file my_file.cif (mmCIF, C-alpha atoms)
data_work
loop_
_atom_site.group_PDB
_atom_site.id
_atom_site.type_symbol
_atom_site.label_atom_id
_atom_site.label_comp_id
_atom_site.auth_asym_id
_atom_site.auth_seq_id
_atom_site.Cartn_x
_atom_site.Cartn_y
_atom_site.Cartn_z
ATOM 1 C CA MET A 1 -20.963 22.171 -11.813
ATOM 2 C CA ARG A 2 -20.633 18.823 -13.549
ATOM 3 C CA GLY A 3 -21.528 18.836 -17.224
ATOM 4 C CA CYS A 4 -21.304 22.621 -17.521
ATOM 5 C CA GLN A 5 -18.543 24.176 -19.626
ATOM 6 C CA LEU A 6 -17.939 27.530 -21.298
ATOM 7 C CA LEU A 7 -17.533 27.370 -25.080
ATOM 8 C CA GLY A 8 -16.115 30.104 -27.306
ATOM 9 C CA ILE A 9 -14.925 30.718 -30.864
ATOM 10 C CA ARG A 10 -11.169 31.149 -31.102
ATOM 11 C CA GLY A 11 -8.203 30.048 -33.141
ATOM 12 C CA ALA A 12 -9.409 31.254 -36.551
ATOM 13 C CA TRP A 13 -6.994 33.172 -38.741
ATOM 14 C CA PRO A 14 -6.931 36.986 -38.296
ATOM 15 C CA GLY A 15 -9.002 38.984 -40.705
ATOM 16 C CA ALA A 16 -11.142 36.083 -41.895
ATOM 17 C CA PRO A 17 -14.864 36.761 -42.408
ATOM 18 C CA LEU A 18 -17.007 35.672 -39.466
ATOM 19 C CA SER A 19 -18.837 33.075 -41.571
ATOM 20 C CA ALA A 20 -15.522 31.569 -42.707
ATOM 21 C CA ARG A 21 -14.200 31.515 -39.137
ATOM 22 C CA LEU A 22 -17.356 29.788 -37.914
ATOM 23 C CA LEU A 23 -17.166 27.231 -40.741
ATOM 24 C CA SER A 24 -13.495 26.570 -40.029
ATOM 25 C CA GLN A 25 -14.161 26.165 -36.305
ATOM 26 C CA GLU A 26 -17.094 23.857 -36.979
ATOM 27 C CA LYS A 27 -15.011 21.680 -39.300
ATOM 28 C CA ARG A 28 -12.172 21.348 -36.798
ATOM 29 C CA ALA A 29 -14.597 20.649 -33.970
ATOM 30 C CA THR A 30 -16.357 17.819 -35.785
ATOM 31 C CA GLU A 31 -13.389 15.922 -37.220
ATOM 32 C CA THR A 32 -11.040 13.575 -35.393
ATOM 33 C CA HIS A 33 -8.632 10.743 -36.058
ATOM 34 C CA PHE A 34 -9.494 7.089 -36.404
ATOM 35 C CA GLY A 35 -6.058 5.552 -36.839
ATOM 36 C CA PHE A 36 -4.624 7.314 -39.897
ATOM 37 C CA GLN A 37 -8.073 8.250 -41.178
ATOM 38 C CA THR A 38 -9.918 11.506 -40.531
ATOM 39 C CA VAL A 39 -13.541 10.904 -39.556
ATOM 40 C CA LEU A 40 -16.394 12.875 -38.051
ATOM 41 C CA GLU A 41 -16.397 12.874 -34.247
ATOM 42 C CA GLU A 42 -19.837 11.314 -34.107
ATOM 43 C CA GLU A 43 -18.547 8.424 -36.265
ATOM 44 C CA LYS A 44 -15.494 7.535 -34.192
ATOM 45 C CA GLY A 45 -17.349 5.976 -31.258
ATOM 46 C CA GLY A 46 -19.206 3.594 -33.549
ATOM 47 C CA LYS A 47 -16.050 2.663 -35.450
ATOM 48 C CA VAL A 48 -14.127 1.951 -32.234
ATOM 49 C CA HIS A 49 -17.100 -0.078 -30.999
ATOM 50 C CA GLN A 50 -17.019 -2.189 -34.176
ATOM 51 C CA VAL A 51 -13.276 -2.824 -33.785
ATOM 52 C CA PHE A 52 -13.610 -4.191 -30.258
ATOM 53 C CA GLU A 53 -16.828 -6.035 -31.058
ATOM 54 C CA SER A 54 -14.837 -7.829 -33.741
ATOM 55 C CA VAL A 55 -11.701 -8.620 -31.711
ATOM 56 C CA ALA A 56 -13.262 -9.307 -28.267
ATOM 57 C CA LYS A 57 -13.126 -13.122 -28.354
ATOM 58 C CA LYS A 58 -9.469 -13.192 -29.461
ATOM 59 C CA TYR A 59 -8.415 -10.040 -27.629
ATOM 60 C CA ASP A 60 -6.393 -11.716 -24.870
ATOM 61 C CA VAL A 61 -4.763 -14.222 -27.229
ATOM 62 C CA MET A 62 -3.744 -11.451 -29.603
ATOM 63 C CA ASN A 63 -2.367 -9.311 -26.761
ATOM 64 C CA ASN A 64 -0.133 -12.211 -25.763
ATOM 65 C CA MET A 65 0.999 -12.789 -29.338
ATOM 66 C CA MET A 66 1.552 -9.133 -30.252
ATOM 67 C CA SER A 67 3.515 -8.231 -27.123
ATOM 68 C CA LEU A 68 5.167 -11.635 -26.535
ATOM 69 C CA VAL A 69 3.324 -11.584 -23.163
ATOM 70 C CA ILE A 70 5.153 -8.392 -22.141
ATOM 71 C CA HIS A 71 1.785 -6.658 -21.650
ATOM 72 C CA CYS A 72 1.361 -8.817 -18.527
ATOM 73 C CA LEU A 73 4.498 -7.272 -17.025
ATOM 74 C CA TRP A 74 3.274 -3.772 -17.868
ATOM 75 C CA LYS A 75 -0.033 -4.458 -16.129
ATOM 76 C CA ASP A 76 1.768 -5.950 -13.124
ATOM 77 C CA LEU A 77 3.822 -2.744 -12.876
ATOM 78 C CA LEU A 78 0.626 -0.704 -13.016
ATOM 79 C CA LEU A 79 -0.770 -2.727 -10.128
ATOM 80 C CA TRP A 80 2.405 -2.415 -8.040
ATOM 81 C CA ASN A 81 2.237 1.369 -8.481
ATOM 82 C CA MET A 82 -1.309 1.502 -7.111
ATOM 83 C CA HIS A 83 -0.215 0.968 -3.510
ATOM 84 C CA SER A 84 -3.818 0.043 -2.786
ATOM 85 C CA LEU A 85 -4.963 -0.215 0.821
ATOM 86 C CA PRO A 86 -7.717 -2.388 2.381
ATOM 87 C CA GLY A 87 -11.102 -1.051 1.356
ATOM 88 C CA THR A 88 -9.847 0.480 -1.918
ATOM 89 C CA GLN A 89 -12.592 1.256 -4.428
ATOM 90 C CA LEU A 90 -11.134 0.893 -7.938
ATOM 91 C CA LEU A 91 -12.668 1.991 -11.233
ATOM 92 C CA ASP A 92 -11.079 0.292 -14.249
ATOM 93 C CA VAL A 93 -12.221 1.998 -17.455
ATOM 94 C CA ALA A 94 -11.942 0.270 -20.854
ATOM 95 C CA GLY A 95 -11.068 -2.864 -18.894
ATOM 96 C CA GLY A 96 -13.674 -5.222 -20.339
ATOM 97 C CA THR A 97 -11.700 -8.471 -20.298
ATOM 98 C CA GLY A 98 -10.755 -7.973 -16.646
ATOM 99 C CA ASP A 99 -6.937 -8.062 -16.772
ATOM 100 C CA ILE A 100 -6.514 -5.185 -14.308
ATOM 101 C CA ALA A 101 -9.530 -6.190 -12.204
ATOM 102 C CA PHE A 102 -8.338 -9.759 -11.611
ATOM 103 C CA ARG A 103 -4.833 -8.592 -10.743
ATOM 104 C CA PHE A 104 -6.289 -6.087 -8.287
ATOM 105 C CA LEU A 105 -8.498 -8.704 -6.610
ATOM 106 C CA ASN A 106 -5.599 -11.163 -6.316
ATOM 107 C CA TYR A 107 -3.407 -8.454 -4.824
ATOM 108 C CA VAL A 108 -5.878 -7.206 -2.212
ATOM 109 C CA GLN A 109 -6.822 -10.777 -1.301
ATOM 110 C CA SER A 110 -3.191 -11.774 -0.729
ATOM 111 C CA GLN A 111 -2.604 -8.596 1.302
ATOM 112 C CA HIS A 112 -5.679 -9.268 3.420
ATOM 113 C CA GLN A 113 -4.737 -12.917 3.973
ATOM 114 C CA ARG A 114 -1.274 -11.899 5.186
ATOM 115 C CA LYS A 115 -2.925 -9.512 7.608
ATOM 116 C CA GLN A 116 -5.281 -12.275 8.776
ATOM 117 C CA LYS A 117 -2.391 -14.652 9.407
ATOM 118 C CA ARG A 118 -0.655 -12.063 11.565
ATOM 119 C CA GLN A 119 -3.858 -11.504 13.530
ATOM 120 C CA LEU A 120 -4.478 -15.244 13.937
ATOM 121 C CA ARG A 121 -0.954 -15.812 15.191
ATOM 122 C CA ALA A 122 -1.654 -13.168 17.818
ATOM 123 C CA GLN A 123 -4.877 -14.956 18.834
ATOM 124 C CA GLN A 124 -3.728 -18.470 19.607
ATOM 125 C CA SER A 125 -6.934 -19.194 21.544
ATOM 126 C CA LEU A 126 -9.091 -19.376 18.359
ATOM 127 C CA SER A 127 -10.548 -22.777 17.478
ATOM 128 C CA TRP A 128 -10.061 -24.417 14.040
ATOM 129 C CA GLU A 129 -13.719 -23.711 13.306
ATOM 130 C CA GLU A 130 -13.245 -20.012 13.969
ATOM 131 C CA ILE A 131 -10.101 -19.914 11.825
ATOM 132 C CA ALA A 132 -11.879 -21.711 8.928
ATOM 133 C CA LYS A 133 -14.782 -19.270 9.143
ATOM 134 C CA GLU A 134 -12.379 -16.354 8.732
ATOM 135 C CA TYR A 135 -11.181 -17.743 5.383
ATOM 136 C CA GLN A 136 -14.564 -18.854 4.047
ATOM 137 C CA ASN A 137 -16.060 -15.383 3.698
ATOM 138 C CA GLU A 138 -14.878 -14.190 0.289
ATOM 139 C CA GLU A 139 -16.133 -10.640 0.786
ATOM 140 C CA ASP A 140 -14.099 -10.339 3.981
ATOM 141 C CA SER A 141 -11.073 -11.873 2.223
ATOM 142 C CA LEU A 142 -10.943 -8.755 0.033
ATOM 143 C CA GLY A 143 -10.899 -6.401 2.999
ATOM 144 C CA ARG A 144 -13.997 -4.595 1.661
ATOM 145 C CA SER A 145 -12.102 -3.657 -1.505
ATOM 146 C CA HIS A 146 -14.091 -3.520 -4.716
ATOM 147 C CA VAL A 147 -13.402 -3.016 -8.435
ATOM 148 C CA MET A 148 -15.854 -1.599 -10.965
ATOM 149 C CA VAL A 149 -15.051 -2.605 -14.556
ATOM 150 C CA CYS A 150 -16.479 -0.096 -17.033
ATOM 151 C CA ASP A 151 -16.330 -0.623 -20.796
ATOM 152 C CA ILE A 152 -18.250 0.823 -23.733
ATOM 153 C CA ASN A 153 -18.363 -2.538 -25.487
ATOM 154 C CA LYS A 154 -20.791 -5.199 -24.269
ATOM 155 C CA GLU A 155 -18.935 -8.029 -26.004
ATOM 156 C CA MET A 156 -15.699 -7.168 -24.177
ATOM 157 C CA LEU A 157 -17.572 -7.189 -20.869
ATOM 158 C CA ASN A 158 -19.053 -10.594 -21.717
ATOM 159 C CA VAL A 159 -15.541 -11.961 -22.264
ATOM 160 C CA GLY A 160 -14.518 -10.586 -18.861
ATOM 161 C CA LYS A 161 -17.545 -12.133 -17.153
ATOM 162 C CA GLN A 162 -16.785 -15.528 -18.716
ATOM 163 C CA LYS A 163 -13.184 -15.310 -17.508
ATOM 164 C CA ALA A 164 -14.389 -14.446 -13.994
ATOM 165 C CA LEU A 165 -16.636 -17.522 -13.904
ATOM 166 C CA ALA A 166 -13.914 -19.765 -15.288
ATOM 167 C CA ARG A 167 -11.431 -18.542 -12.664
ATOM 168 C CA GLY A 168 -13.875 -18.838 -9.782
ATOM 169 C CA TYR A 169 -14.287 -15.145 -8.969
ATOM 170 C CA ARG A 170 -17.625 -14.533 -7.300
ATOM 171 C CA ALA A 171 -17.260 -11.338 -5.270
ATOM 172 C CA GLY A 172 -15.521 -7.995 -5.173
ATOM 173 C CA PHE A 173 -16.365 -6.608 -8.606
ATOM 174 C CA ALA A 174 -19.108 -5.410 -10.927
ATOM 175 C CA TRP A 175 -19.366 -4.974 -14.701
ATOM 176 C CA VAL A 176 -20.851 -1.761 -16.088
ATOM 177 C CA LEU A 177 -21.539 -0.736 -19.681
ATOM 178 C CA GLY A 178 -20.420 2.874 -19.903
ATOM 179 C CA ASP A 179 -18.555 5.561 -21.842
ATOM 180 C CA ALA A 180 -15.289 7.038 -20.510
ATOM 181 C CA GLY A 181 -16.519 10.438 -21.674
ATOM 182 C CA GLU A 182 -19.755 10.206 -19.709
ATOM 183 C CA LEU A 183 -19.306 7.904 -16.739
ATOM 184 C CA PRO A 184 -22.478 6.560 -15.061
ATOM 185 C CA PHE A 185 -21.163 7.056 -11.504
ATOM 186 C CA ASP A 186 -21.558 9.582 -8.707
ATOM 187 C CA ASP A 187 -18.882 12.159 -7.941
ATOM 188 C CA ASP A 188 -16.185 11.392 -5.331
ATOM 189 C CA LYS A 189 -16.848 7.655 -5.462
ATOM 190 C CA PHE A 190 -13.505 5.928 -6.215
ATOM 191 C CA ASP A 191 -10.037 5.815 -4.683
ATOM 192 C CA ILE A 192 -8.222 4.810 -7.893
ATOM 193 C CA TYR A 193 -9.064 5.199 -11.594
ATOM 194 C CA THR A 194 -7.167 3.060 -14.110
ATOM 195 C CA ILE A 195 -7.295 2.917 -17.894
ATOM 196 C CA ALA A 196 -4.910 0.562 -19.712
ATOM 197 C CA PHE A 197 -4.429 1.058 -23.461
ATOM 198 C CA GLY A 198 -7.817 2.718 -23.713
ATOM 199 C CA ILE A 199 -7.345 6.479 -23.570
ATOM 200 C CA ARG A 200 -6.300 6.676 -27.247
ATOM 201 C CA ASN A 201 -9.639 5.224 -28.315
ATOM 202 C CA VAL A 202 -11.587 8.024 -26.622
ATOM 203 C CA THR A 203 -12.965 10.728 -28.921
ATOM 204 C CA HIS A 204 -12.533 13.578 -26.408
ATOM 205 C CA ILE A 205 -9.612 12.747 -24.136
ATOM 206 C CA ASP A 206 -9.964 15.996 -22.189
ATOM 207 C CA GLN A 207 -13.572 15.132 -21.396
ATOM 208 C CA ALA A 208 -12.602 11.630 -20.247
ATOM 209 C CA LEU A 209 -9.946 13.083 -17.930
ATOM 210 C CA GLN A 210 -12.496 15.518 -16.533
ATOM 211 C CA GLU A 211 -14.866 12.619 -15.851
ATOM 212 C CA ALA A 212 -12.046 10.783 -14.073
ATOM 213 C CA HIS A 213 -11.432 13.848 -11.911
ATOM 214 C CA TRP A 214 -15.095 14.026 -10.952
ATOM 215 C CA VAL A 215 -15.570 10.386 -9.960
ATOM 216 C CA LEU A 216 -12.327 10.224 -7.960
ATOM 217 C CA LYS A 217 -12.394 11.183 -4.305
ATOM 218 C CA PRO A 218 -10.371 14.344 -3.575
ATOM 219 C CA GLY A 219 -6.646 13.654 -3.563
ATOM 220 C CA ARG A 220 -6.969 10.120 -4.954
ATOM 221 C CA ARG A 221 -5.151 8.597 -7.916
ATOM 222 C CA PHE A 222 -5.408 8.331 -11.711
ATOM 223 C CA LEU A 223 -3.184 5.699 -13.375
ATOM 224 C CA GLY A 224 -3.040 5.480 -17.157
ATOM 225 C CA LEU A 225 -1.110 2.844 -19.092
ATOM 226 C CA GLU A 226 -0.408 3.685 -22.725
ATOM 227 C CA PHE A 227 2.147 3.274 -25.484
ATOM 228 C CA SER A 228 4.773 5.936 -26.037
ATOM 229 C CA GLN A 229 7.103 7.126 -28.797
ATOM 230 C CA VAL A 230 10.259 5.142 -29.543
ATOM 231 C CA ASN A 231 13.200 7.573 -29.516
ATOM 232 C CA ASN A 232 15.995 5.297 -30.757
ATOM 233 C CA PRO A 233 15.940 5.476 -34.609
ATOM 234 C CA LEU A 234 16.995 1.847 -35.116
ATOM 235 C CA ILE A 235 14.524 0.450 -32.591
ATOM 236 C CA SER A 236 11.837 2.757 -33.983
ATOM 237 C CA ARG A 237 12.406 1.355 -37.489
ATOM 238 C CA LEU A 238 12.178 -2.224 -36.228
ATOM 239 C CA TYR A 239 9.135 -1.375 -34.129
ATOM 240 C CA ASN A 240 7.307 0.146 -37.104
ATOM 241 C CA LEU A 241 8.220 -2.797 -39.307
ATOM 242 C CA TYR A 242 6.854 -5.244 -36.732
ATOM 243 C CA SER A 243 3.765 -3.148 -36.005
ATOM 244 C CA PHE A 244 2.639 -2.503 -39.573
ATOM 245 C CA GLN A 245 3.874 -5.632 -41.327
ATOM 246 C CA VAL A 246 3.486 -8.369 -38.704
ATOM 247 C CA ILE A 247 0.654 -7.436 -36.314
ATOM 248 C CA PRO A 248 -2.092 -7.071 -38.985
ATOM 249 C CA VAL A 249 -1.030 -10.457 -40.402
ATOM 250 C CA LEU A 250 -1.311 -12.000 -36.930
ATOM 251 C CA GLY A 251 -4.741 -10.392 -36.644
ATOM 252 C CA GLU A 252 -5.833 -11.999 -39.887
ATOM 253 C CA VAL A 253 -4.417 -15.447 -39.029
ATOM 254 C CA ILE A 254 -5.557 -15.639 -35.389
ATOM 255 C CA ALA A 255 -8.649 -13.427 -35.265
ATOM 256 C CA GLY A 256 -9.623 -13.344 -38.945
ATOM 257 C CA ASP A 257 -9.518 -9.541 -38.810
ATOM 258 C CA TRP A 258 -6.800 -7.558 -40.574
ATOM 259 C CA LYS A 259 -8.501 -4.139 -40.528
ATOM 260 C CA SER A 260 -9.137 -3.992 -36.777
ATOM 261 C CA TYR A 261 -5.513 -4.700 -35.955
ATOM 262 C CA GLN A 262 -4.380 -2.241 -38.599
ATOM 263 C CA TYR A 263 -6.404 0.384 -36.701
ATOM 264 C CA LEU A 264 -5.036 -0.690 -33.312
ATOM 265 C CA VAL A 265 -1.493 -0.177 -34.608
ATOM 266 C CA GLU A 266 -2.303 3.146 -36.262
ATOM 267 C CA SER A 267 -4.069 4.473 -33.154
ATOM 268 C CA ILE A 268 -0.851 4.294 -31.138
#

call {"tool": "encode", "arguments": {"input": "my_file.cif", "output": "structure tokens"}}
result
Amino acid sequence: MRGCQLLGIRGAWPGAPLSARLLSQEKRATETHFGFQTVLEEEKGGKVHQVFESVAKKYDVMNNMMSLVIHCLWKDLLLWNMHSLPGTQLLDVAGGTGDIAFRFLNYVQSQHQRKQKRQLRAQQSLSWEEIAKEYQNEEDSLGRSHVMVCDINKEMLNVGKQKALARGYRAGFAWVLGDAGELPFDDDKFDIYTIAFGIRNVTHIDQALQEAHWVLKPGRRFLGLEFSQVNNPLISRLYNLYSFQVIPVLGEVIAGDWKSYQYLVESI
């Protein structure tokens, strides 16, 4: 049953008094990482919220600057690995500014238009009015596909909505304020779940993955995009130098926020 889990006390050192074991378990259960800091679990959500509240308006600009626009290629690769079909229902979590959502809509629209062209070529008897009508219906142009953008931060969602208006998107998506650890959706609702550079900001990653499992239809797909460890010692040294010495400075110069970008680097 959703929301029901069995909890137990384990992992304490052998021979320790019960009160000490309980205290130790309680301490471990209520502390987590916020970058290089150790904070209480109930504090992390608010701290992460403050970070993204602060960086929302410059988030896309900073992503371009920090990654030298390489993040766009990573997100394109994520999209190409979706193999989405007409009618795909996508949930993009922690996707407030809409990068994945807009790519998805462009992809399904281009796929649907190619299909329409093939069908129209096979129906040479259609009038120009009938052909024009086929392309005017934006809902139909997406092949009944839909993307739900879910983010815990209202300011990030506002940035995404503004981008959608500026780019002329009017159909095929919705914006929902929600927590990855407690999604406000029914079970078995989505075909694909994506989360790009967001899973590390979640307090309980196991709980977020469980939520993803519940809202996905049986046998459907989870795609996570996240940073990894650099194995080459030389590249790792250069990477750390750039991350800790350059990125916070860029954050201060462009976004007026050193501390938030210090956290974003540390959280990797």

call {"tool": "resolve_selection", "arguments": {"input": "my_file.cif", "expression": "the PyMOL selection byres ((chain A and resi 212) around 10)", "output": "NGL selection string"}}
result
:A and (91 or 93 or 180-183 or 187-188 or 190 or 192-195 or 206-211 or 213-217 or 221-222)

call {"tool": "closest_atom_pairs", "arguments": {"input": "my_file.cif", "of": "segment 181-214 of chain A", "to": "segment 226-245 of chain A", "cutoff": "9 Å", "atoms": "all atoms listed in the file", "output": "JSON lines"}}
result
{"residue": "A:Ile195", "atom": "CA", "partner": "A:Glu226", "partner_atom": "CA", "distance": 8.4}
{"residue": "A:Ala196", "atom": "CA", "partner": "A:Glu226", "partner_atom": "CA", "distance": 6.3}
{"residue": "A:Phe197", "atom": "CA", "partner": "A:Glu226", "partner_atom": "CA", "distance": 4.9}
{"residue": "A:Gly198", "atom": "CA", "partner": "A:Glu226", "partner_atom": "CA", "distance": 7.5}
{"residue": "A:Ile199", "atom": "CA", "partner": "A:Glu226", "partner_atom": "CA", "distance": 7.5}
{"residue": "A:Arg200", "atom": "CA", "partner": "A:Glu226", "partner_atom": "CA", "distance": 8.0}

call {"tool": "resolve_selection", "arguments": {"input": "my_file.cif", "expression": "the PyMOL selection byres ((chain A and resi 107) around 12)", "output": "PyMOL selection string"}}
result
chain A and resi 76+78-86+88+100-106+108-114+141-143+145-147

call {"tool": "resolve_selection", "arguments": {"input": "my_file.cif", "expression": "the PyMOL selection byres ((chain A and resi 153) around 7)", "output": "list of chain:residue names"}}
result
A:His49, A:Phe52, A:Glu53, A:Asp151, A:Ile152, A:Lys154, A:Glu155, A:Met156, A:Leu157, A:Leu177

call {"tool": "atom_distance", "arguments": {"input": "my_file.cif", "atom1": "atom CA of Ser267 of chain A", "atom2": "atom CA of Val61 of chain A"}}
result
19.6 Å

call {"tool": "closest_residue", "arguments": {"input": "my_file.cif", "among": "A:Leu77, A:Lys57, A:Cys72, A:Asn63", "to": "Leu223 of chain A", "atoms": "only C-alpha atoms"}}
result
A:Leu77

call {"tool": "closest_residue", "arguments": {"input": "my_file.cif", "among": "A:Asn64, A:Asn158, A:Gln89, A:Thr203", "to": "Ile247 of chain A", "atoms": "only C-alpha atoms"}}
result
A:Asn64

call {"tool": "atom_distance", "arguments": {"input": "my_file.cif", "atom1": "atom CA of Thr38 of chain A", "atom2": "atom CA of Ile268 of chain A"}}
result
14.9 Å

call {"tool": "atom_distance", "arguments": {"input": "my_file.cif", "atom1": "atom CA of Glu43 of chain A", "atom2": "atom CA of Val202 of chain A"}}
result
11.9 Å

call {"tool": "residues_around", "arguments": {"input": "my_file.cif", "residues": "Lys58 of chain A", "least_positions_apart": "5", "cutoff": "12 Å", "atoms": "only C-alpha atoms", "output": "ChimeraX atom specification"}}
result
/A:51-53,63-66,97,155-156,159,250-257,260-261

call {"tool": "write_last_selection", "arguments": {"input": "my_file.cif", "atoms": "C-alpha atoms", "output": "short mmCIF file (atom, residue, chain, number, x, y, z; two decimals), in the frame of the given file"}}
result
data_model
loop_
_atom_site.label_atom_id
_atom_site.label_comp_id
_atom_site.auth_asym_id
_atom_site.auth_seq_id
_atom_site.Cartn_x
_atom_site.Cartn_y
_atom_site.Cartn_z
CA VAL A 51 -13.28 -2.82 -33.78
CA PHE A 52 -13.61 -4.19 -30.26
CA GLU A 53 -16.83 -6.04 -31.06
CA ASN A 63 -2.37 -9.31 -26.76
CA ASN A 64 -0.13 -12.21 -25.76
CA MET A 65 1.00 -12.79 -29.34
CA MET A 66 1.55 -9.13 -30.25
CA THR A 97 -11.70 -8.47 -20.30
CA GLU A 155 -18.93 -8.03 -26.00
CA MET A 156 -15.70 -7.17 -24.18
CA VAL A 159 -15.54 -11.96 -22.26
CA LEU A 250 -1.31 -12.00 -36.93
CA GLY A 251 -4.74 -10.39 -36.64
CA GLU A 252 -5.83 -12.00 -39.89
CA VAL A 253 -4.42 -15.45 -39.03
CA ILE A 254 -5.56 -15.64 -35.39
CA ALA A 255 -8.65 -13.43 -35.26
CA GLY A 256 -9.62 -13.34 -38.94
CA ASP A 257 -9.52 -9.54 -38.81
CA SER A 260 -9.14 -3.99 -36.78
CA TYR A 261 -5.51 -4.70 -35.96
#

call {"tool": "closest_residue", "arguments": {"input": "my_file.cif", "among": "A:Thr30, A:Gln37, A:Ser54, A:Gln162", "to": "Trp175 of chain A", "atoms": "all atoms listed in the file"}}
result
A:Gln162

call {"tool": "closest_residue", "arguments": {"input": "my_file.cif", "among": "A:Tyr169, A:Pro218, A:Leu68, A:Asn201", "to": "Lys47 of chain A", "atoms": "only C-alpha atoms"}}
result
A:Asn201
